[in-house]
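Here's upload22.csv, which has CSV, C-alpha atoms:
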```csv
chain,number,residue,atom,x,y,z
A,16,GLN,CA,-13.3,46.9,10.0
A,17,ASP,CA,-11.2,45.8,13.0
A,18,ILE,CA,-12.9,47.5,16.0
A,19,SER,CA,-13.1,47.4,19.8
A,20,TYR,CA,-15.5,48.8,22.3
A,21,LEU,CA,-15.5,49.2,26.1
A,22,SER,CA,-16.7,46.0,27.8
A,23,ALA,CA,-19.6,46.3,30.2
A,24,ARG,CA,-17.5,44.7,32.9
A,25,ALA,CA,-13.7,44.7,32.2
A,26,GLY,CA,-11.3,45.7,29.4
A,27,ARG,CA,-12.2,46.2,25.8
A,28,VAL,CA,-14.0,43.9,23.4
A,29,PRO,CA,-12.2,43.2,20.1
A,30,GLY,CA,-14.5,42.6,17.1
A,31,TYR,CA,-15.0,42.8,13.4
A,32,LEU,CA,-17.7,45.1,11.8
A,33,VAL,CA,-18.8,44.3,8.3
A,34,HIS,CA,-21.2,46.6,6.5
A,35,PRO,CA,-22.4,47.3,3.0
A,36,GLY,CA,-22.0,50.6,1.1
A,37,GLY,CA,-24.9,53.0,1.2
A,38,GLU,CA,-26.9,54.8,3.8
A,39,GLY,CA,-29.4,52.0,4.7
A,40,PRO,CA,-31.2,51.6,6.9
A,41,PHE,CA,-29.9,48.0,7.0
A,42,ALA,CA,-30.6,45.0,9.1
A,43,GLY,CA,-28.1,44.1,11.8
A,44,ILE,CA,-26.6,40.8,13.0
A,45,VAL,CA,-24.7,40.0,16.2
A,46,TYR,CA,-22.6,36.8,15.8
A,47,MET,CA,-20.9,34.7,18.5
A,48,HIS,CA,-18.4,31.9,17.8
A,49,TRP,CA,-18.0,28.4,19.2
A,50,GLY,CA,-15.8,27.7,22.2
A,51,GLN,CA,-12.6,26.7,20.2
A,52,GLY,CA,-13.1,29.5,17.7
A,53,ASP,CA,-12.9,33.2,17.6
A,54,ARG,CA,-14.5,36.2,15.9
A,55,THR,CA,-13.3,35.0,12.4
A,56,GLU,CA,-15.9,32.1,12.5
A,57,PHE,CA,-18.7,34.0,10.8
A,58,LEU,CA,-16.7,36.4,8.8
A,59,SER,CA,-17.4,34.9,5.4
A,60,GLU,CA,-21.2,34.8,6.2
A,61,ALA,CA,-21.0,38.4,7.2
A,62,VAL,CA,-19.3,39.4,3.9
A,63,ILE,CA,-22.0,37.5,2.0
A,64,LEU,CA,-24.8,39.1,3.9
A,65,ALA,CA,-23.4,42.6,3.6
A,66,LYS,CA,-24.1,42.2,-0.2
A,67,ARG,CA,-27.7,41.5,0.8
A,68,GLY,CA,-28.0,44.5,3.1
A,69,ALA,CA,-26.9,43.6,6.6
A,70,VAL,CA,-24.4,45.1,9.0
A,71,SER,CA,-22.7,42.5,11.1
A,72,ILE,CA,-20.6,42.5,14.3
A,73,MET,CA,-18.7,39.5,15.6
A,74,ILE,CA,-16.7,39.6,18.9
A,75,ASP,CA,-14.1,37.5,20.7
A,76,ALA,CA,-15.2,35.8,23.9
A,77,PRO,CA,-13.5,37.2,27.1
A,78,TYR,CA,-11.1,34.3,27.4
A,79,HIS,CA,-9.6,35.2,24.0
A,80,ARG,CA,-8.7,38.8,25.0
A,81,PRO,CA,-5.2,39.9,26.1
A,82,ASP,CA,-6.5,42.1,28.9
A,83,ILE,CA,-8.4,39.2,30.6
A,84,PRO,CA,-6.2,37.0,32.9
A,85,SER,CA,-6.3,33.3,32.1
A,86,TYR,CA,-7.7,30.7,34.6
A,87,ASN,CA,-8.5,27.0,35.0
A,88,PHE,CA,-12.2,26.8,34.3
A,89,VAL,CA,-13.0,23.8,36.6
A,90,ALA,CA,-10.5,24.7,39.4
A,91,GLU,CA,-11.7,28.4,39.4
A,92,PRO,CA,-15.5,28.2,38.8
A,93,GLU,CA,-16.1,31.7,40.1
A,94,LYS,CA,-14.0,33.1,37.3
A,95,GLU,CA,-15.7,30.9,34.8
A,96,ARG,CA,-19.1,32.1,35.9
A,97,ASP,CA,-18.0,35.8,35.8
A,98,GLY,CA,-16.6,35.2,32.3
A,99,TYR,CA,-19.9,33.9,31.0
A,100,ILE,CA,-21.8,36.8,32.6
A,101,GLN,CA,-19.3,39.2,31.0
A,102,LEU,CA,-19.9,37.5,27.6
A,103,VAL,CA,-23.6,38.0,27.7
A,104,ALA,CA,-23.2,41.6,28.9
A,105,ASP,CA,-20.7,42.3,26.0
A,106,LEU,CA,-23.2,40.8,23.5
A,107,ARG,CA,-25.8,43.2,24.8
A,108,ARG,CA,-23.4,46.1,24.2
A,109,ALA,CA,-22.7,44.7,20.7
A,110,TYR,CA,-26.4,45.3,20.1
A,111,ASP,CA,-26.0,48.9,21.5
A,112,LEU,CA,-23.2,49.5,19.0
A,113,LEU,CA,-25.3,48.4,16.0
A,114,ALA,CA,-28.4,50.2,17.2
A,115,ALA,CA,-26.4,53.4,17.5
A,116,ARG,CA,-25.4,53.4,13.9
A,117,LYS,CA,-27.4,55.6,11.5
A,118,ASP,CA,-27.3,53.0,8.8
A,119,VAL,CA,-28.9,50.2,11.0
A,120,ASP,CA,-32.6,49.7,11.7
A,121,PRO,CA,-32.6,48.9,15.5
A,122,LYS,CA,-35.9,47.0,15.0
A,123,ARG,CA,-34.2,44.6,12.6
A,124,ILE,CA,-31.3,43.3,14.6
A,125,GLY,CA,-30.9,39.5,15.0
A,126,TYR,CA,-28.4,37.1,16.7
A,127,VAL,CA,-26.6,34.0,15.5
A,128,GLY,CA,-24.6,31.8,17.8
A,129,HIS,CA,-22.8,28.5,17.4
A,130,SER,CA,-22.0,26.1,20.3
A,131,LEU,CA,-20.6,28.6,23.0
A,132,GLY,CA,-22.6,31.3,21.1
A,133,ALA,CA,-25.7,29.2,21.1
A,134,THR,CA,-25.4,28.2,24.7
A,135,TRP,CA,-25.2,31.7,26.0
A,136,GLY,CA,-27.4,33.0,23.2
A,137,GLY,CA,-30.3,31.3,25.1
A,138,ALA,CA,-29.4,33.4,28.2
A,139,LEU,CA,-29.1,36.5,26.0
A,140,ALA,CA,-32.5,35.8,24.5
A,141,GLY,CA,-34.1,35.7,28.0
A,142,VAL,CA,-32.7,39.0,29.2
A,143,GLU,CA,-32.3,41.1,26.0
A,144,LYS,CA,-35.8,41.9,24.6
A,145,ARG,CA,-34.6,44.3,21.9
A,146,ILE,CA,-33.1,41.6,19.6
A,147,GLY,CA,-35.8,40.5,17.2
A,148,SER,CA,-34.7,36.9,16.4
A,149,PHE,CA,-32.2,34.3,17.4
A,150,VAL,CA,-30.5,31.4,15.6
A,151,LEU,CA,-28.9,29.0,18.1
A,152,MET,CA,-26.7,26.3,16.5
A,153,GLY,CA,-25.8,23.4,18.7
A,154,GLY,CA,-26.0,24.9,22.1
A,155,LEU,CA,-26.3,23.4,25.6
A,156,PRO,CA,-29.2,24.1,28.0
A,157,ARG,CA,-26.8,24.0,30.9
A,158,VAL,CA,-23.0,24.0,31.6
A,159,SER,CA,-23.3,22.7,35.1
A,160,ASP,CA,-24.1,19.1,34.1
A,161,VAL,CA,-20.5,18.0,34.6
A,162,LEU,CA,-21.4,15.0,36.7
A,163,GLY,CA,-23.8,13.5,34.1
A,164,ASP,CA,-23.2,10.9,31.4
A,165,ASP,CA,-22.8,13.0,28.3
A,166,TRP,CA,-19.5,12.6,26.4
A,167,PHE,CA,-18.0,15.9,27.5
A,168,ALA,CA,-19.0,15.3,31.2
A,169,LYS,CA,-17.3,11.9,31.1
A,170,GLN,CA,-14.1,13.5,29.8
A,171,LEU,CA,-14.1,16.0,32.6
A,172,GLN,CA,-14.7,13.2,35.1
A,173,LYS,CA,-11.4,11.6,34.0
A,174,SER,CA,-9.4,14.7,34.6
A,175,PHE,CA,-10.9,16.3,37.7
A,176,LYS,CA,-11.9,15.1,41.2
A,177,ARG,CA,-15.6,14.8,42.0
A,178,GLU,CA,-15.3,17.5,44.6
A,179,GLN,CA,-14.0,19.9,42.0
A,180,LEU,CA,-16.8,19.1,39.6
A,181,GLN,CA,-19.4,19.4,42.3
A,182,ALA,CA,-18.2,22.9,43.2
A,183,TYR,CA,-18.2,23.8,39.6
A,184,ALA,CA,-21.7,22.6,39.1
A,185,GLU,CA,-23.0,24.5,42.2
A,186,THR,CA,-21.3,27.7,41.1
A,187,LEU,CA,-22.5,27.6,37.5
A,188,ALA,CA,-26.0,26.2,38.0
A,189,PRO,CA,-27.6,29.6,38.9
A,190,ILE,CA,-26.7,31.0,35.4
A,191,ASP,CA,-27.5,28.0,33.3
A,192,PRO,CA,-29.1,29.2,30.0
A,193,GLU,CA,-32.2,27.0,30.6
A,194,ARG,CA,-33.1,29.2,33.5
A,195,PHE,CA,-33.4,32.3,31.2
A,196,VAL,CA,-34.3,31.1,27.7
A,197,GLY,CA,-38.0,30.6,28.7
A,198,HIS,CA,-38.3,34.3,29.2
A,199,ALA,CA,-37.7,35.1,25.6
A,200,GLU,CA,-40.6,36.0,23.5
A,201,LYS,CA,-42.1,32.9,21.9
A,202,GLY,CA,-41.4,32.2,18.3
A,203,ARG,CA,-38.2,34.3,18.1
A,204,ILE,CA,-35.7,31.4,18.5
A,205,LEU,CA,-34.7,28.9,15.8
A,206,PHE,CA,-32.8,25.9,17.2
A,207,GLN,CA,-30.4,24.0,15.0
A,208,PHE,CA,-29.0,20.6,16.1
A,209,ALA,CA,-27.0,17.9,14.4
A,210,LEU,CA,-28.2,14.3,14.4
A,211,HIS,CA,-24.8,13.1,15.4
A,212,ASP,CA,-22.9,15.4,17.7
A,213,ARG,CA,-20.2,14.4,20.2
A,214,PHE,CA,-20.9,17.3,22.5
A,215,ILE,CA,-24.6,17.9,22.3
A,216,SER,CA,-26.7,14.8,23.1
A,217,ALA,CA,-30.3,14.3,21.8
A,218,ARG,CA,-31.4,14.7,25.5
A,219,ALA,CA,-29.6,18.0,25.9
A,220,ALA,CA,-31.1,19.3,22.6
A,221,ALA,CA,-34.6,18.3,23.7
A,222,ASP,CA,-34.1,19.9,27.2
A,223,TYR,CA,-33.0,23.2,25.5
A,224,GLU,CA,-36.1,23.2,23.3
A,225,LYS,CA,-38.4,22.4,26.2
A,226,ALA,CA,-36.8,25.1,28.4
A,227,ALA,CA,-37.6,27.7,25.7
A,228,GLY,CA,-41.3,26.9,26.0
A,229,GLY,CA,-43.9,26.9,23.2
A,230,PRO,CA,-43.7,24.8,20.0
A,231,PRO,CA,-40.0,24.3,19.2
A,232,ARG,CA,-38.5,25.4,15.8
```
With the file now loaded, output its structure as structure tokens.
Amino acid sequence: QDISYLSARAGRVPGYLVHPGGEGPFAGIVYMHWGQGDRTEFLSEAVILAKRGAVSIMIDAPYHRPDIPSYNFVAEPEKERDGYIQLVADLRRAYDLLAARKDVDPKRIGYVGHSLGATWGGALAGVEKRIGSFVLMGGLPRVSDVLGDDWFAKQLQKSFKREQLQAYAETLAPIDPERFVGHAEKGRILFQFALHDRFISARAAADYEKAAGGPPR
């Protein structure tokens, strides 16, 4: 089903809802796509899992939505910060939508995020205690590390002035996922990282696992 619901902050959130036939109660899954993707990324997985008894919801990030004005993410860091805060809030409301359904068991709702979805899934895990488990695929512990030596940071340094990157780092640092992920209940996060990833360095992966606390999975 092609759906939308009222955002917690601005506009409406477009999404897909995939559910099996029958009355349930079924498990639920909230999916979040990577930065260059959209709500279609996990659609095939949702269809497969519907056959195994899961109701899934996948949404578009705020910057994909027609009712959210576009902006330059480095030149306008406050808007970038607000967009990420809205994303986490809208994911919490996606949980609300699943939990309100009579065919979903609210105690069996999990989260799956890739890249963008894994980065902000860590912040979500720290503030949203009702979601039972998280799978975070290739996420970053922080988005403020734009003056570092990782591949993506070096690309930004070629395109923007140091003063712009410094302002971006100072604006985004207070909401970096590594500040929140440690508040998640231990043992509820499964991290997945690739051995060779242009965007996620081995150091960043280790930092994310360390920030979560406890033995990493």
Legend entry - A:Ile83 surroundings by only C-alpha atoms, 10 Å radius, close-in-sequence under 6 positions cut, as an MDAnalysis selection string: chainID A and resid 25:27 77 98
Inset, instruction - Select, from A:Leu106, A:Val45, A:Ala115, A:Ile146, the residue with the minimum atom-to-atom distance to A:Arg203, counting only C-alpha atoms. - result: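 When distances to A:Arg203 are compared using only C-alpha atoms, the smallest one comes from A:Ile146.
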Inset, instruction - For A:Gln181, please output as a ChimeraX atom specification all residues within 9 Å (counting only C-alpha atoms; exclusion window: fewer than 5 positions along the same chain). - result: /A:159,161-162,176,186
Legend entry - Long-range neighbours of A:Ala61 as a PyMOL selection string, 8 Å cut-off, all atoms listed in the file, 5 positions minimum in chain: chain A and resi 33+69-71
Legend entry - Separation of atom CA of A:Gly141 from atom CA of A:Phe195 in Å: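 Calculated distance between atom CA of A:Phe195 and atom CA of A:Gly141 is 4.7 Å.
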Inset, instruction - Between A:Thr55, A:Gln16, A:Asn87, A:Ser148, single out the one closest to A:Phe175, counting only C-alpha atoms. - result: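 So, comparing all the options, the nearest one is A:Asn87.
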Legend entry - Gap from atom CA of A:Arg218 to atom CA of A:Val142 - Å, one decimal: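 So the two atoms, atom CA of A:Arg218 and atom CA of A:Val142, lie 24.6 Å apart.
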Inset, instruction - For each of A:Ala42, A:Val103, A:Ala90, A:Ala182, take the minimum atom-to-atom distance to A:Lys122, counting all atoms listed in the file, then give the residue where this is smallest. - result: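 Smallest separation from A:Lys122 among the options: A:Ala42.
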Inset, instruction - Could you check which of A:Asp111, A:Glu200, A:Glu56, A:Asp82 is closest to A:Ala140, using only C-alpha atoms? - result: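 Under the stated criterion, the closest residue is A:Glu200.
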Inset, instruction - Work out how far atom CA of A:Gly43 is from atom CA of A:Ile72, in Å to one decimal. - result: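 According to the coordinates, atom CA of A:Ile72 and atom CA of A:Gly43 are separated by 8.1 Å.
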Legend entry - Exercise: A:His79 partners within 12 Å, only C-alpha atoms, chain neighbours under 2 positions left out, as a list in words: Gly26, Arg27, Val28, Pro29, Gly30, His48, Trp49, Gly50, Gln51, Gly52, Asp53, Arg54, Ile74, Asp75, Ala76, Pro77, Pro81, Asp82, Ile83, Pro84, Ser85, Tyr86, Gly98 and Leu102 of chain A
Inset, instruction - Please identify all polymer residues within 9 Å of A:Arg108, counting only C-alpha atoms, omitting same-chain residues fewer than 6 positions from it, and present them as a list of chain:residue names. - result: A:Tyr20, A:Leu21, A:Ser22, A:Ala23
Legend entry - Distance criterion (all atoms listed in the file): nearest to A:Lys225 out of A:Gly197, A:Gly39, A:Gly154, A:Pro189: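 The closest residue to A:Lys225 is A:Gly197.
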Inset, instruction - Scan for residues within 12 Å of the point (-33.5, 26.8, 19.2) in the coordinates of the file, using all atoms listed in the file, and reply as a PyMOL selection string. - result: chain A and resi 126-130+132-138+140+148-156+192-193+196-197+199+201-208+219-232
Legend entry - Proximity to A:Val119 - best of A:Glu38, A:Glu143, A:Glu178, A:Asp165, all atoms listed in the file: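 Residue with the minimum atom-to-atom distance to A:Val119: A:Glu38.
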